[in-house]
Amino acid sequence: MAYPSPSAPYGLPYDRVSRNLQSLATLWLVYAVLRALTGMIGILFLHGLFGSHFGHSDFNLGWSPFGRMWLDSLWPMALFSLMISVGCVLLTGWALLTRQPWGRIFAIIFGVIALIHFPLGTALGIYTLWVLAPRQSGDQYAAMAYTQHGA
């Protein structure tokens with residue numbers, strides 16, 4: 001007696017990638033917007049707290065051998081880091097949405113990185129890995145990318 005394989009319940013083909021790819025790409029784009037909004041709020045807070053305006057030029061959070069130099073450069077570094085991370089998240093969502101051949105690998109890499117951003121990044125990373133990480137998903141995604149781009 002032949003038992004149905006776990007990847008094909010009740011004899012129906014189970015295509016995890018095609019059923020979840022559109023929603024996964026949309027979630028990556030929504031996550032990019034949320035990261036941009038929360039990051040900008042944090043950067044505005046840093047700039048307001050450590051910036052030398054509103055009479056706070058003498059404000060010092062403890063002794064430092066570098067003085068205020070490191071505090072003044074903190075928010076531009078955070079802004080640069082935010083721009084890079086939001087750009088990578090947007091690129092991941094776009095690559096999945098347009099079924100780029102390199103999009104699966106890119107999404108797996110940034111899905112693993114997103115795992116540390118609790119709770120939304122963790123949920124998105126787990127969902128990304130569940131959809132795209134299995135070898136069978138790689139074959140399905142490659143077939144979808146080939147039919148979309150022919151390469």
# chains A, B, ... in the order shown; residues from 1 in each chain; ligands from 1
$ residues_around --residues "stretch 24-30 of chain A" --least-positions-apart "6" --cutoff "8 Å" --atoms "only C-alpha atoms" --output "PyMOL selection string"
chain A and resi 89-90+92-97+124+127-128
$ closest_residue --among "A:Cys88, A:Leu44, A:Leu37, A:Val131" --to "A:Pro76" --atoms "only C-alpha atoms"
A:Leu44
$ residues_around --residues "A:Gly125" --least-positions-apart "5" --cutoff "6 Å" --atoms "only C-alpha atoms" --output "list in words"
Gly111, Val112, Ala114 and Leu115 of chain A
$ closest_residue --among "A:Arg104, A:His47, A:Arg16, A:Arg99" --to "A:Gly138" --atoms "only C-alpha atoms"
A:Arg104
$ select_by_dssp --residues "stretch 17-131 of chain A" --states "helix (DSSP H, G or I)" --output "JSON, numbers by chain"
{"A": [17, 18, 19, 20, 21, 22, 23, 24, 25, 26, 27, 28, 29, 30, 31, 32, 33, 34, 35, 36, 37, 38, 39, 40, 41, 42, 43, 44, 45, 46, 47, 48, 49, 50, 69, 70, 71, 72, 74, 75, 76, 77, 78, 79, 80, 81, 82, 83, 84, 85, 86, 87, 88, 89, 90, 91, 92, 93, 94, 95, 96, 97, 103, 104, 105, 106, 107, 108, 109, 110, 111, 112, 113, 114, 120, 121, 122, 123, 124, 125, 126, 127, 128, 129, 130, 131]}
$ write_last_selection --atoms "C-alpha atoms" --output "PDB file, in the first residue's frame"
ATOM      1  CA  VAL A  17       6.376  28.699  -2.840  1.00  0.00           C
ATOM      2  CA  SER A  18       3.712  29.699  -5.352  1.00  0.00           C
ATOM      3  CA  ARG A  19       1.009  29.801  -2.671  1.00  0.00           C
ATOM      4  CA  ASN A  20       3.024  31.972  -0.272  1.00  0.00           C
ATOM      5  CA  LEU A  21       5.403  34.052  -2.401  1.00  0.00           C
ATOM      6  CA  GLN A  22       3.064  36.985  -3.070  1.00  0.00           C
ATOM      7  CA  SER A  23       2.173  37.412   0.602  1.00  0.00           C
ATOM      8  CA  LEU A  24       5.811  36.939   1.637  1.00  0.00           C
ATOM      9  CA  ALA A  25       6.978  39.672  -0.741  1.00  0.00           C
ATOM     10  CA  THR A  26       4.230  41.997   0.477  1.00  0.00           C
ATOM     11  CA  LEU A  27       5.198  41.363   4.094  1.00  0.00           C
ATOM     12  CA  TRP A  28       8.838  42.226   3.291  1.00  0.00           C
ATOM     13  CA  LEU A  29       7.713  45.549   1.777  1.00  0.00           C
ATOM     14  CA  VAL A  30       5.461  46.324   4.774  1.00  0.00           C
ATOM     15  CA  TYR A  31       8.342  45.415   7.088  1.00  0.00           C
ATOM     16  CA  ALA A  32      10.570  47.892   5.229  1.00  0.00           C
ATOM     17  CA  VAL A  33       8.066  50.692   5.811  1.00  0.00           C
ATOM     18  CA  LEU A  34       7.741  49.803   9.500  1.00  0.00           C
ATOM     19  CA  ARG A  35      11.528  49.676   9.924  1.00  0.00           C
ATOM     20  CA  ALA A  36      11.864  53.051   8.225  1.00  0.00           C
ATOM     21  CA  LEU A  37       9.203  54.662  10.447  1.00  0.00           C
ATOM     22  CA  THR A  38      10.469  53.251  13.732  1.00  0.00           C
ATOM     23  CA  GLY A  39      14.064  53.949  12.746  1.00  0.00           C
ATOM     24  CA  MET A  40      13.318  57.574  11.899  1.00  0.00           C
ATOM     25  CA  ILE A  41      11.576  58.034  15.253  1.00  0.00           C
ATOM     26  CA  GLY A  42      14.659  56.625  16.972  1.00  0.00           C
ATOM     27  CA  ILE A  43      17.013  58.815  14.957  1.00  0.00           C
ATOM     28  CA  LEU A  44      14.964  61.928  15.679  1.00  0.00           C
ATOM     29  CA  PHE A  45      15.121  61.006  19.359  1.00  0.00           C
ATOM     30  CA  LEU A  46      18.922  60.596  19.174  1.00  0.00           C
ATOM     31  CA  HIS A  47      19.311  63.857  17.296  1.00  0.00           C
ATOM     32  CA  GLY A  48      17.110  65.675  19.789  1.00  0.00           C
ATOM     33  CA  LEU A  49      18.828  64.175  22.800  1.00  0.00           C
ATOM     34  CA  PHE A  50      22.429  64.450  21.685  1.00  0.00           C
ATOM     35  CA  MET A  69      32.552  64.012  19.465  1.00  0.00           C
ATOM     36  CA  TRP A  70      31.156  60.485  19.595  1.00  0.00           C
ATOM     37  CA  LEU A  71      27.711  61.678  20.685  1.00  0.00           C
ATOM     38  CA  ASP A  72      27.480  64.140  17.797  1.00  0.00           C
ATOM     39  CA  LEU A  74      26.003  58.830  16.734  1.00  0.00           C
ATOM     40  CA  TRP A  75      22.823  59.855  14.941  1.00  0.00           C
ATOM     41  CA  PRO A  76      24.368  60.201  11.434  1.00  0.00           C
ATOM     42  CA  MET A  77      25.826  56.698  11.800  1.00  0.00           C
ATOM     43  CA  ALA A  78      22.416  55.410  12.908  1.00  0.00           C
ATOM     44  CA  LEU A  79      20.793  57.126   9.914  1.00  0.00           C
ATOM     45  CA  PHE A  80      23.286  55.538   7.520  1.00  0.00           C
ATOM     46  CA  SER A  81      22.727  52.113   9.088  1.00  0.00           C
ATOM     47  CA  LEU A  82      18.961  52.569   8.839  1.00  0.00           C
ATOM     48  CA  MET A  83      19.169  53.550   5.163  1.00  0.00           C
ATOM     49  CA  ILE A  84      21.265  50.479   4.350  1.00  0.00           C
ATOM     50  CA  SER A  85      18.995  48.071   6.245  1.00  0.00           C
ATOM     51  CA  VAL A  86      15.754  49.506   4.835  1.00  0.00           C
ATOM     52  CA  GLY A  87      17.272  49.408   1.341  1.00  0.00           C
ATOM     53  CA  CYS A  88      18.160  45.727   1.740  1.00  0.00           C
ATOM     54  CA  VAL A  89      14.684  44.906   3.057  1.00  0.00           C
ATOM     55  CA  LEU A  90      13.051  46.791   0.156  1.00  0.00           C
ATOM     56  CA  LEU A  91      15.312  45.006  -2.319  1.00  0.00           C
ATOM     57  CA  THR A  92      14.346  41.661  -0.812  1.00  0.00           C
ATOM     58  CA  GLY A  93      10.637  42.411  -1.139  1.00  0.00           C
ATOM     59  CA  TRP A  94      11.046  43.655  -4.707  1.00  0.00           C
ATOM     60  CA  ALA A  95      13.153  40.627  -5.699  1.00  0.00           C
ATOM     61  CA  LEU A  96      10.517  38.228  -4.382  1.00  0.00           C
ATOM     62  CA  LEU A  97       7.668  40.204  -5.920  1.00  0.00           C
ATOM     63  CA  GLY A 103      15.731  36.687  -4.817  1.00  0.00           C
ATOM     64  CA  ARG A 104      15.438  33.399  -2.922  1.00  0.00           C
ATOM     65  CA  ILE A 105      19.029  33.459  -1.701  1.00  0.00           C
ATOM     66  CA  PHE A 106      18.768  37.141  -0.837  1.00  0.00           C
ATOM     67  CA  ALA A 107      15.541  36.525   1.126  1.00  0.00           C
ATOM     68  CA  ILE A 108      17.056  33.597   3.027  1.00  0.00           C
ATOM     69  CA  ILE A 109      20.094  35.676   4.031  1.00  0.00           C
ATOM     70  CA  PHE A 110      18.036  38.631   5.198  1.00  0.00           C
ATOM     71  CA  GLY A 111      15.459  36.308   6.748  1.00  0.00           C
ATOM     72  CA  VAL A 112      18.175  34.922   9.013  1.00  0.00           C
ATOM     73  CA  ILE A 113      19.317  38.469   9.860  1.00  0.00           C
ATOM     74  CA  ALA A 114      15.701  39.534  10.535  1.00  0.00           C
ATOM     75  CA  LEU A 120       8.083  41.324  13.722  1.00  0.00           C
ATOM     76  CA  GLY A 121      11.462  40.507  12.214  1.00  0.00           C
ATOM     77  CA  THR A 122      11.503  37.169  14.003  1.00  0.00           C
ATOM     78  CA  ALA A 123       8.084  36.245  12.636  1.00  0.00           C
ATOM     79  CA  LEU A 124       9.013  37.375   9.118  1.00  0.00           C
ATOM     80  CA  GLY A 125      12.331  35.508   9.266  1.00  0.00           C
ATOM     81  CA  ILE A 126      10.637  32.287  10.363  1.00  0.00           C
ATOM     82  CA  TYR A 127       7.990  32.615   7.648  1.00  0.00           C
ATOM     83  CA  THR A 128      10.659  33.354   5.022  1.00  0.00           C
ATOM     84  CA  LEU A 129      12.710  30.330   6.022  1.00  0.00           C
ATOM     85  CA  TRP A 130       9.637  28.102   6.134  1.00  0.00           C
ATOM     86  CA  VAL A 131       8.652  29.112   2.599  1.00  0.00           C
TER      87      VAL A 131
END
$ atom_distance --atom1 "atom CA of A:Thr147" --atom2 "atom CA of A:Trp102"
14.2 Å
$ closest_residue --among "A:Gln100, A:Ile116, A:Asp15, A:Ala133" --to "A:His149" --atoms "only C-alpha atoms"
A:Gln100
$ atom_distance --atom1 "atom CA of A:Leu132" --atom2 "atom CA of A:Pro101"
12.7 Å
